[in-house]
Amino acid sequence: MAGFNDFNNPQVKKLPNHLRQFIVEQHYEHYTPVDHAVWRYVMCQNYSYLKDIAYYPYIPGLEAAGLTIEKVPDLQEMNDALKKIGWGAVTVDGFIPPSAFMEYQSCRVLVIAADIRQLHHIEYTPAPDIIHESAGHAPIIADKDYHEYLSYFGSIGAKAMFSSKDFELYEAIRELSILKEMHDADPGLLRKAEKRVDFCQKNLGEPSEMALLSRLHWWTVEYGLIGTLEKPKIYGAGLLSSIGESTTCMNPEVTKNWYTLDAINCPFDITKPQPQLFVTSDFQNLINVLEQFADTMAFRRGGSEGILKAIECKNICTAVFSSGIQVSGTFTDMGMNSNDELQFIKTTGPSALSYENIQLKGHDKKYHADGFSSPVGRLHYFNRPLENASETELEDLGILVNKKANLHFSSGLTVSGTVQSITRKNDQIILIAFSDCTVKDENGNIFFDPTWGTYDMAVGEKIVSVYCGAADKDSFEAIAPISKTATYHLKYDDATKRYHELFRKVRHCRENHTSYQGLPIVWEEIKNNFREDWLCSMEILEILDHENIYIETAADIKIYLEMKASNEPSLTKLIHDGFYLIKNPVSQLTK
């Protein structure tokens, strides 16, 4: 990727090309003074409340991730800090496909949405934003047990089967979250998007491995609690970054259940507060539950069950033979004999062969453009797997280069042709190429005809693993589908730019401890031109109160805010919490 910025971070530097496609520039200069004020308010409120109920010490956690309460985080500063604990961070454009998200985690790279929530969504936004991703995920990343779980979860999730319906739901949720974050979203479009999400959720059919894993991810990484049912602490990023839900989640009305594998039976709605949450006694339990689920997945079970999941997936998948050879492509068929033994596997369309996740020379998707098929199993007359045969045993079996060979598999398939080449890797036979070859079953059904060209037969007694995606993703160019729905970026009119300027002036006073005489002027402009404001007014009141200056102006602002809190229910808690922080600033709470 041209111009790729690795932030001098080893984890980011190692990212493969197929993941780099999702990365966008942070454009730190695009954050407005209002954005920084939103960040500061949320972070102050988070610390004020979370200092007692967050699992990991919040301020040390922020510092370990390169974050401060005062300003929107800079990605370079985050990477400088995160690399000390073996992690990195990149910015992306909103939601990315779950499979890509999981793979980033496995690479120990935090995925951070570049956008920040708007002021009218300061308590919670359904769209990913830099507050959720950095202030939620990053502060706990310094906990070794937790970040080991996060990385391990990603490595499991990167292997999960997903379906076309999963992607349709992802697209629907992405579109709805973008609309809900917009200040002036068309009500008709919003209703249509909500109906689309509802339809997709109700018509998923049997949930895929990825859908079930996403539930485990949601109830742990995003909305997890740890400790006891009676007095749990928060470690989930969705709660750590929501000043509304981090408070309400502790209410008795929100059911608390012990976290077990049963959590896969609980779907979630990303656009609403959660009616129940799950509590784990410790992080080891998270790994134990993940292991239980992983044992049911195709990448561990393989066999006909795994191939069936690959066929149902209808996306690029990889089947791994016991010899180690990997077949990547869209699986469309498999054969079983009367004894329910797996006879053969088949892909359709561009396919490739790999070993240890590196594509075999001459076996790319152009060479296998029309698909690939191969028998599976032992030879009928050989008492051990063909992949383990020695040169002497191959000679005894009549499998010699430039000689005619007849291979009779115990499953009933027969492969007859002239051996062109035998490929070995680590003393294992992984591939035999035939010319003038016929492949047929015991009933005479033809699976390969000599007129079709060279027959490349993968060698392996069993299919030991099946997973979503190509073995060598960069060579195969197995690019995960990217959403065509763009995130919403505001265009500011002159009045809004003037409003931003007021925030900038207030921040300048606070940070430089000077120019206080300008604050009453800023307040007058708010009163005259920006009557919907509450946050800039709160920041002015904070300075005046702490410096004990302009007493009458401070009283005027407080009356204004109290009236707003009384007349506008959506602002009541925000304003009262702001008053509390003025009297109990974070600088005092951290002592």
# chains A, B, ... in the order shown; residues from 1 in each chain; ligands from 1
$ residues_around --residues "Glu525 in chain A" --least-positions-apart "6" --cutoff "10 Å" --atoms "only C-alpha atoms" --output "ChimeraX atom specification"
/A:498-499,502,519,531
$ write_last_selection --atoms "C-alpha atoms" --output "PDB file, in the first residue's frame"
ATOM      1  CA  ARG A 498     -17.957  30.515  14.942  1.00  0.00           C
ATOM      2  CA  TYR A 499     -19.310  28.181  17.616  1.00  0.00           C
ATOM      3  CA  LEU A 502     -15.747  29.854  21.134  1.00  0.00           C
ATOM      4  CA  LEU A 519     -14.609  34.527  28.938  1.00  0.00           C
ATOM      5  CA  ARG A 531     -28.910  29.193  23.012  1.00  0.00           C
TER       6      ARG A 531
END
$ residues_around --residues "Pro585 in chain A" --least-positions-apart "6" --cutoff "10 Å" --atoms "only C-alpha atoms" --output "JSON, numbers by chain"
{"A": [44, 45, 48, 542, 546, 578, 579]}
$ residues_around --residues "range 24-40 of chain A" --least-positions-apart "3" --cutoff "7 Å" --atoms "only C-alpha atoms" --output "list in words"
Met43, Cys44, Ile69, Glu70, Lys71, Val72, Asp74, Thr91, Val92, Asp93, Ala114, Ile116, Leu119, Ile122, Ile131, His500, Phe503 and Arg504 of chain A
$ write_last_selection --atoms "N, CA and C atoms" --output "tab-separated table (two decimals), in the first residue's frame"
chain	number	residue	atom	x	y	z
A	43	MET	N	-14.37	11.78	29.02
A	43	MET	CA	-13.28	11.17	29.78
A	43	MET	C	-13.32	11.57	31.25
A	44	CYS	N	-13.64	12.82	31.52
A	44	CYS	CA	-13.75	13.24	32.92
A	44	CYS	C	-14.89	12.51	33.61
A	69	ILE	N	-6.80	12.71	29.32
A	69	ILE	CA	-8.18	13.15	29.46
A	69	ILE	C	-8.43	14.43	28.65
A	70	GLU	N	-7.40	15.22	28.42
A	70	GLU	CA	-7.57	16.57	27.90
A	70	GLU	C	-7.86	16.69	26.40
A	71	LYS	N	-7.42	15.72	25.59
A	71	LYS	CA	-7.57	15.90	24.14
A	71	LYS	C	-7.76	14.58	23.42
A	72	VAL	N	-8.37	14.66	22.25
A	72	VAL	CA	-8.54	13.49	21.39
A	72	VAL	C	-7.17	12.86	21.16
A	74	ASP	N	-3.86	11.16	19.71
A	74	ASP	CA	-3.11	11.16	18.46
A	74	ASP	C	-2.59	9.74	18.25
A	91	THR	N	-6.32	3.55	12.43
A	91	THR	CA	-7.65	4.12	12.30
A	91	THR	C	-8.32	3.58	11.04
A	92	VAL	N	-9.65	3.35	11.17
A	92	VAL	CA	-10.46	2.84	10.06
A	92	VAL	C	-11.72	3.70	9.94
A	93	ASP	N	-12.47	3.45	8.88
A	93	ASP	CA	-13.68	4.22	8.61
A	93	ASP	C	-14.90	3.47	9.14
A	114	ALA	N	-11.87	6.48	13.17
A	114	ALA	CA	-11.26	7.82	13.15
A	114	ALA	C	-12.24	8.90	13.60
A	116	ILE	N	-15.36	10.89	15.63
A	116	ILE	CA	-15.78	11.04	17.02
A	116	ILE	C	-17.25	11.41	17.05
A	119	LEU	N	-21.86	16.06	19.41
A	119	LEU	CA	-22.24	16.54	20.73
A	119	LEU	C	-23.61	16.01	21.16
A	122	ILE	N	-23.37	12.56	22.84
A	122	ILE	CA	-22.22	12.51	23.73
A	122	ILE	C	-22.28	11.33	24.71
A	131	ILE	N	-13.81	7.55	20.73
A	131	ILE	CA	-14.02	7.45	22.18
A	131	ILE	C	-14.22	5.99	22.57
A	500	HIS	N	-17.39	26.78	17.04
A	500	HIS	CA	-16.14	26.07	17.31
A	500	HIS	C	-15.09	27.02	17.88
A	503	PHE	N	-15.24	27.52	21.62
A	503	PHE	CA	-14.62	26.42	22.36
A	503	PHE	C	-13.10	26.57	22.36
A	504	ARG	N	-12.55	26.99	21.21
A	504	ARG	CA	-11.10	27.14	21.12
A	504	ARG	C	-10.61	28.20	22.11
$ closest_atom_pairs --of "range 127-178 of chain A" --to "range 273-296 of chain A" --cutoff "12 Å" --atoms "only C-alpha atoms" --output "CSV"
residue,atom,partner,partner_atom,distance
A:Asp143,CA,A:Phe283,CA,10.3
A:Lys144,CA,A:Phe283,CA,10.1
A:Asp145,CA,A:Phe283,CA,6.5
A:Tyr146,CA,A:Phe283,CA,6.4
A:His147,CA,A:Phe283,CA,9.9
A:Glu148,CA,A:Ile287,CA,9.3
A:Tyr149,CA,A:Ile287,CA,6.4
A:Leu150,CA,A:Ile287,CA,9.5
A:Ser151,CA,A:Ile287,CA,10.9
A:Tyr152,CA,A:Ile287,CA,8.2
A:Phe153,CA,A:Leu290,CA,7.4
A:Gly154,CA,A:Leu290,CA,10.8
A:Ser155,CA,A:Ala294,CA,10.6
A:Ile156,CA,A:Ala294,CA,7.0
A:Gly157,CA,A:Ala294,CA,9.0
A:Ala158,CA,A:Ala294,CA,11.6
A:Lys159,CA,A:Ala294,CA,9.7
A:Ala160,CA,A:Ala294,CA,9.1
A:Met161,CA,A:Ala294,CA,11.7
$ write_last_selection --atoms "all heavy atoms" --output "compact mmCIF listing (two decimals), in the first residue's frame"
# COMPACT_ATOMS: atom_id res chain seq x y z
N ASP A 143 -3.51 -4.66 30.80
CA ASP A 143 -3.66 -5.86 31.64
C ASP A 143 -3.26 -7.09 30.81
O ASP A 143 -3.90 -7.41 29.81
CB ASP A 143 -5.11 -5.99 32.11
CG ASP A 143 -5.28 -7.15 33.08
OD1 ASP A 143 -5.27 -8.31 32.62
OD2 ASP A 143 -5.44 -6.91 34.29
N LYS A 144 -2.21 -7.78 31.22
CA LYS A 144 -1.65 -8.87 30.42
C LYS A 144 -2.67 -9.98 30.16
O LYS A 144 -2.79 -10.48 29.04
CB LYS A 144 -0.41 -9.45 31.09
CG LYS A 144 0.31 -10.50 30.26
CD LYS A 144 1.58 -10.97 30.95
CE LYS A 144 2.36 -11.94 30.06
NZ LYS A 144 1.59 -13.17 29.74
N ASP A 145 -3.39 -10.40 31.21
CA ASP A 145 -4.36 -11.48 31.04
C ASP A 145 -5.43 -11.10 30.02
O ASP A 145 -5.85 -11.92 29.20
CB ASP A 145 -5.02 -11.83 32.37
CG ASP A 145 -4.05 -12.50 33.33
OD1 ASP A 145 -3.05 -13.06 32.86
OD2 ASP A 145 -4.29 -12.45 34.55
N TYR A 146 -5.85 -9.83 30.08
CA TYR A 146 -6.90 -9.39 29.16
C TYR A 146 -6.38 -9.30 27.73
O TYR A 146 -7.03 -9.77 26.80
CB TYR A 146 -7.45 -8.03 29.60
CG TYR A 146 -8.49 -7.52 28.62
CD1 TYR A 146 -9.78 -8.05 28.60
CD2 TYR A 146 -8.17 -6.53 27.69
CE1 TYR A 146 -10.72 -7.61 27.70
CE2 TYR A 146 -9.11 -6.08 26.78
CZ TYR A 146 -10.38 -6.62 26.79
OH TYR A 146 -11.31 -6.18 25.88
N HIS A 147 -5.20 -8.68 27.52
CA HIS A 147 -4.77 -8.54 26.13
C HIS A 147 -4.36 -9.88 25.52
O HIS A 147 -4.43 -10.05 24.30
CB HIS A 147 -3.72 -7.43 25.95
CG HIS A 147 -2.32 -7.74 26.39
ND1 HIS A 147 -1.60 -6.88 27.18
CD2 HIS A 147 -1.47 -8.76 26.11
CE1 HIS A 147 -0.39 -7.36 27.37
NE2 HIS A 147 -0.29 -8.50 26.74
N GLU A 148 -3.99 -10.84 26.34
CA GLU A 148 -3.74 -12.19 25.81
C GLU A 148 -5.05 -12.81 25.34
O GLU A 148 -5.11 -13.45 24.28
CB GLU A 148 -3.09 -13.07 26.87
CG GLU A 148 -1.65 -12.70 27.22
CD GLU A 148 -0.69 -12.93 26.07
OE1 GLU A 148 -1.03 -13.67 25.13
OE2 GLU A 148 0.42 -12.34 26.11
N TYR A 149 -6.11 -12.60 26.11
CA TYR A 149 -7.44 -13.09 25.70
C TYR A 149 -7.89 -12.42 24.41
O TYR A 149 -8.38 -13.08 23.48
CB TYR A 149 -8.46 -12.83 26.81
CG TYR A 149 -9.90 -13.03 26.37
CD1 TYR A 149 -10.40 -14.31 26.11
CD2 TYR A 149 -10.76 -11.95 26.20
CE1 TYR A 149 -11.71 -14.50 25.70
CE2 TYR A 149 -12.06 -12.13 25.79
CZ TYR A 149 -12.55 -13.41 25.54
OH TYR A 149 -13.83 -13.59 25.12
N LEU A 150 -7.70 -11.11 24.33
CA LEU A 150 -8.13 -10.36 23.16
C LEU A 150 -7.43 -10.87 21.90
O LEU A 150 -8.07 -11.08 20.86
CB LEU A 150 -7.83 -8.87 23.36
CG LEU A 150 -8.54 -7.87 22.45
CD1 LEU A 150 -10.04 -7.92 22.65
CD2 LEU A 150 -8.02 -6.47 22.70
N SER A 151 -6.14 -11.06 21.99
CA SER A 151 -5.37 -11.55 20.84
C SER A 151 -5.77 -12.99 20.48
O SER A 151 -5.93 -13.33 19.30
CB SER A 151 -3.88 -11.49 21.16
OG SER A 151 -3.12 -12.05 20.12
N TYR A 152 -5.96 -13.81 21.50
CA TYR A 152 -6.34 -15.21 21.25
C TYR A 152 -7.73 -15.28 20.62
O TYR A 152 -7.96 -16.08 19.70
CB TYR A 152 -6.30 -16.00 22.56
CG TYR A 152 -6.50 -17.49 22.38
CD1 TYR A 152 -5.72 -18.20 21.47
CD2 TYR A 152 -7.46 -18.18 23.10
CE1 TYR A 152 -5.90 -19.56 21.29
CE2 TYR A 152 -7.64 -19.54 22.93
CZ TYR A 152 -6.86 -20.23 22.03
OH TYR A 152 -7.04 -21.57 21.84
N PHE A 153 -8.63 -14.43 21.10
CA PHE A 153 -9.97 -14.39 20.51
C PHE A 153 -9.86 -14.05 19.02
O PHE A 153 -10.53 -14.66 18.18
CB PHE A 153 -10.84 -13.34 21.22
CG PHE A 153 -12.31 -13.51 20.97
CD1 PHE A 153 -13.15 -13.89 21.99
CD2 PHE A 153 -12.86 -13.30 19.72
CE1 PHE A 153 -14.52 -14.06 21.77
CE2 PHE A 153 -14.21 -13.46 19.47
CZ PHE A 153 -15.05 -13.85 20.51
N GLY A 154 -9.01 -13.08 18.70
CA GLY A 154 -8.85 -12.70 17.31
C GLY A 154 -8.34 -13.84 16.45
O GLY A 154 -8.80 -14.04 15.32
N SER A 155 -7.40 -14.63 16.98
CA SER A 155 -6.85 -15.75 16.21
C SER A 155 -7.91 -16.81 15.96
O SER A 155 -7.91 -17.46 14.91
CB SER A 155 -5.64 -16.35 16.93
OG SER A 155 -6.03 -16.98 18.14
N ILE A 156 -8.82 -17.01 16.92
CA ILE A 156 -9.94 -17.96 16.73
C ILE A 156 -10.94 -17.37 15.75
O ILE A 156 -11.39 -18.04 14.81
CB ILE A 156 -10.63 -18.27 18.08
CG1 ILE A 156 -9.65 -18.88 19.08
CG2 ILE A 156 -11.84 -19.18 17.87
CD1 ILE A 156 -9.14 -20.24 18.72
N GLY A 157 -11.29 -16.11 15.96
CA GLY A 157 -12.29 -15.46 15.11
C GLY A 157 -11.87 -15.37 13.66
O GLY A 157 -12.70 -15.44 12.75
N ALA A 158 -10.56 -15.21 13.42
CA ALA A 158 -10.07 -15.10 12.05
C ALA A 158 -10.28 -16.39 11.25
O ALA A 158 -10.25 -16.38 10.02
CB ALA A 158 -8.58 -14.74 12.05
N LYS A 159 -10.53 -17.50 11.95
CA LYS A 159 -10.77 -18.79 11.29
C LYS A 159 -12.25 -19.09 11.11
O LYS A 159 -12.62 -20.09 10.49
CB LYS A 159 -10.15 -19.92 12.13
CG LYS A 159 -8.65 -19.82 12.37
CD LYS A 159 -7.86 -20.21 11.16
CE LYS A 159 -6.36 -20.32 11.47
NZ LYS A 159 -5.56 -20.65 10.29
N ALA A 160 -13.11 -18.26 11.66
CA ALA A 160 -14.54 -18.59 11.72
C ALA A 160 -15.22 -18.49 10.36
O ALA A 160 -14.93 -17.62 9.55
CB ALA A 160 -15.25 -17.66 12.71
N MET A 161 -16.15 -19.41 10.15
CA MET A 161 -16.98 -19.39 8.93
C MET A 161 -18.01 -18.28 9.05
O MET A 161 -18.64 -18.11 10.08
CB MET A 161 -17.72 -20.72 8.77
CG MET A 161 -16.82 -21.90 8.52
SD MET A 161 -16.13 -21.83 6.87
CE MET A 161 -15.24 -23.38 6.84
$ atom_distance --atom1 "CA of Asn548 in chain A" --atom2 "CA of Tyr580 in chain A"
16.7 Å
$ closest_residue --among "A:Ile311, A:Leu15, A:Val464, A:Leu400" --to "Ala433 in chain A" --atoms "only C-alpha atoms"
A:Leu400
$ residues_around --residues "Pro375 in chain A" --least-positions-apart "3" --cutoff "7 Å" --atoms "only C-alpha atoms" --output "PyMOL selection string"
chain A and resi 343-345
$ atom_distance --atom1 "CA of Phe447 in chain A" --atom2 "CA of Ile432 in chain A"
16.4 Å
$ residues_around --residues "Ser570 in chain A" --least-positions-apart "5" --cutoff "12 Å" --atoms "only C-alpha atoms" --output "PyMOL selection string"
chain A and resi 120-123+244+534+564-565+575-576
$ write_last_selection --atoms "N, CA and C atoms" --output "CSV table (one decimal), in the first residue's frame"
chain,number,residue,atom,x,y,z
A,120,HIS,N,-24.5,15.9,20.2
A,120,HIS,CA,-25.9,15.4,20.6
A,120,HIS,C,-25.9,13.9,20.9
A,121,HIS,N,-24.8,13.2,20.6
A,121,HIS,CA,-24.7,11.8,21.0
A,121,HIS,C,-23.6,11.6,22.0
A,122,ILE,N,-23.4,12.6,22.8
A,122,ILE,CA,-22.2,12.5,23.7
A,122,ILE,C,-22.3,11.3,24.7
A,123,GLU,N,-23.5,10.9,25.1
A,123,GLU,CA,-23.6,9.8,26.1
A,123,GLU,C,-23.3,8.4,25.4
A,244,GLY,N,-23.4,7.0,29.7
A,244,GLY,CA,-24.8,6.7,30.1
A,244,GLY,C,-24.9,5.2,30.6
A,534,TRP,N,-24.7,24.0,25.9
A,534,TRP,CA,-24.6,23.7,27.3
A,534,TRP,C,-23.1,23.4,27.6
A,564,LYS,N,-31.9,24.9,31.8
A,564,LYS,CA,-31.8,23.9,30.7
A,564,LYS,C,-32.0,22.5,31.2
A,565,ALA,N,-31.3,22.2,32.3
A,565,ALA,CA,-31.5,20.9,32.9
A,565,ALA,C,-32.9,20.6,33.3
A,575,ILE,N,-25.9,17.8,32.5
A,575,ILE,CA,-25.6,19.1,33.2
A,575,ILE,C,-25.3,18.9,34.7
A,576,HIS,N,-26.1,18.0,35.3
A,576,HIS,CA,-25.9,17.8,36.7
A,576,HIS,C,-24.5,17.1,37.0
$ closest_residue --among "A:Leu571, A:Ser475, A:Ala352, A:Leu239" --to "Leu535 in chain A" --atoms "only C-alpha atoms"
A:Leu571
$ select_by_dssp --residues "range 362-468 of chain A" --states "helix (DSSP H, G or I)" --output "list in words"
Leu386, Glu387, Asn388, Glu391, Thr392, Glu393, Leu394, Glu395, Asp396, Leu397, Pro450, Thr451 and Trp452 of chain A
$ atom_distance --atom1 "CA of Asn357 in chain A" --atom2 "CA of Ser390 in chain A"
25.0 Å
$ decode --residues "range 115-133 of chain A" --atoms "N, CA, C and O atoms" --output "PDB file, in the first residue's frame"
ATOM      1  N   ASP A 115     -13.533   8.690  13.361  1.00  0.00           N
ATOM      2  CA  ASP A 115     -14.532   9.705  13.691  1.00  0.00           C
ATOM      3  C   ASP A 115     -14.784   9.770  15.196  1.00  0.00           C
ATOM      4  O   ASP A 115     -14.487   8.826  15.937  1.00  0.00           O
ATOM      5  N   ILE A 116     -15.364  10.886  15.627  1.00  0.00           N
ATOM      6  CA  ILE A 116     -15.776  11.042  17.021  1.00  0.00           C
ATOM      7  C   ILE A 116     -17.252  11.406  17.050  1.00  0.00           C
ATOM      8  O   ILE A 116     -17.754  12.080  16.136  1.00  0.00           O
ATOM      9  N   ARG A 117     -17.951  10.934  18.070  1.00  0.00           N
ATOM     10  CA  ARG A 117     -19.385  11.183  18.178  1.00  0.00           C
ATOM     11  C   ARG A 117     -19.695  12.679  18.220  1.00  0.00           C
ATOM     12  O   ARG A 117     -18.897  13.486  18.700  1.00  0.00           O
ATOM     13  N   GLN A 118     -20.858  13.018  17.705  1.00  0.00           N
ATOM     14  CA  GLN A 118     -21.298  14.408  17.733  1.00  0.00           C
ATOM     15  C   GLN A 118     -21.786  14.776  19.143  1.00  0.00           C
ATOM     16  O   GLN A 118     -22.109  13.910  19.957  1.00  0.00           O
ATOM     17  N   LEU A 119     -21.857  16.059  19.411  1.00  0.00           N
ATOM     18  CA  LEU A 119     -22.243  16.541  20.733  1.00  0.00           C
ATOM     19  C   LEU A 119     -23.610  16.012  21.160  1.00  0.00           C
ATOM     20  O   LEU A 119     -23.824  15.685  22.328  1.00  0.00           O
ATOM     21  N   HIS A 120     -24.547  15.877  20.200  1.00  0.00           N
ATOM     22  CA  HIS A 120     -25.889  15.418  20.560  1.00  0.00           C
ATOM     23  C   HIS A 120     -25.924  13.923  20.872  1.00  0.00           C
ATOM     24  O   HIS A 120     -26.935  13.404  21.333  1.00  0.00           O
ATOM     25  N   HIS A 121     -24.818  13.215  20.630  1.00  0.00           N
ATOM     26  CA  HIS A 121     -24.717  11.800  20.986  1.00  0.00           C
ATOM     27  C   HIS A 121     -23.601  11.582  22.003  1.00  0.00           C
ATOM     28  O   HIS A 121     -22.972  10.529  22.024  1.00  0.00           O
ATOM     29  N   ILE A 122     -23.374  12.564  22.836  1.00  0.00           N
ATOM     30  CA  ILE A 122     -22.220  12.508  23.733  1.00  0.00           C
ATOM     31  C   ILE A 122     -22.275  11.333  24.713  1.00  0.00           C
ATOM     32  O   ILE A 122     -21.248  10.765  25.083  1.00  0.00           O
ATOM     33  N   GLU A 123     -23.479  10.910  25.111  1.00  0.00           N
ATOM     34  CA  GLU A 123     -23.590   9.804  26.066  1.00  0.00           C
ATOM     35  C   GLU A 123     -23.342   8.450  25.426  1.00  0.00           C
ATOM     36  O   GLU A 123     -22.749   7.554  26.015  1.00  0.00           O
ATOM     37  N   TYR A 124     -23.821   8.286  24.191  1.00  0.00           N
ATOM     38  CA  TYR A 124     -23.689   6.985  23.529  1.00  0.00           C
ATOM     39  C   TYR A 124     -23.925   7.163  22.041  1.00  0.00           C
ATOM     40  O   TYR A 124     -24.793   7.929  21.625  1.00  0.00           O
ATOM     41  N   THR A 125     -23.139   6.467  21.240  1.00  0.00           N
ATOM     42  CA  THR A 125     -23.382   6.444  19.806  1.00  0.00           C
ATOM     43  C   THR A 125     -23.353   4.999  19.343  1.00  0.00           C
ATOM     44  O   THR A 125     -22.497   4.212  19.773  1.00  0.00           O
ATOM     45  N   PRO A 126     -24.295   4.611  18.452  1.00  0.00           N
ATOM     46  CA  PRO A 126     -24.282   3.247  17.914  1.00  0.00           C
ATOM     47  C   PRO A 126     -23.160   3.041  16.911  1.00  0.00           C
ATOM     48  O   PRO A 126     -22.807   1.913  16.590  1.00  0.00           O
ATOM     49  N   ALA A 127     -22.585   4.137  16.419  1.00  0.00           N
ATOM     50  CA  ALA A 127     -21.492   4.035  15.450  1.00  0.00           C
ATOM     51  C   ALA A 127     -20.158   3.941  16.182  1.00  0.00           C
ATOM     52  O   ALA A 127     -19.969   4.569  17.217  1.00  0.00           O
ATOM     53  N   PRO A 128     -19.218   3.157  15.653  1.00  0.00           N
ATOM     54  CA  PRO A 128     -17.885   3.134  16.265  1.00  0.00           C
ATOM     55  C   PRO A 128     -17.268   4.530  16.210  1.00  0.00           C
ATOM     56  O   PRO A 128     -17.417   5.230  15.206  1.00  0.00           O
ATOM     57  N   ASP A 129     -16.632   4.934  17.277  1.00  0.00           N
ATOM     58  CA  ASP A 129     -15.948   6.227  17.251  1.00  0.00           C
ATOM     59  C   ASP A 129     -14.685   6.136  18.095  1.00  0.00           C
ATOM     60  O   ASP A 129     -14.456   5.149  18.795  1.00  0.00           O
ATOM     61  N   ILE A 130     -13.874   7.171  18.018  1.00  0.00           N
ATOM     62  CA  ILE A 130     -12.569   7.124  18.669  1.00  0.00           C
ATOM     63  C   ILE A 130     -12.692   7.065  20.187  1.00  0.00           C
ATOM     64  O   ILE A 130     -11.809   6.540  20.868  1.00  0.00           O
ATOM     65  N   ILE A 131     -13.811   7.550  20.728  1.00  0.00           N
ATOM     66  CA  ILE A 131     -14.016   7.446  22.182  1.00  0.00           C
ATOM     67  C   ILE A 131     -14.220   5.989  22.567  1.00  0.00           C
ATOM     68  O   ILE A 131     -13.596   5.475  23.494  1.00  0.00           O
ATOM     69  N   HIS A 132     -15.089   5.313  21.827  1.00  0.00           N
ATOM     70  CA  HIS A 132     -15.357   3.907  22.143  1.00  0.00           C
ATOM     71  C   HIS A 132     -14.101   3.058  21.967  1.00  0.00           C
ATOM     72  O   HIS A 132     -13.742   2.268  22.838  1.00  0.00           O
ATOM     73  N   GLU A 133     -13.454   3.218  20.832  1.00  0.00           N
ATOM     74  CA  GLU A 133     -12.349   2.327  20.502  1.00  0.00           C
ATOM     75  C   GLU A 133     -11.113   2.588  21.350  1.00  0.00           C
ATOM     76  O   GLU A 133     -10.443   1.649  21.784  1.00  0.00           O
TER      77      GLU A 133
END
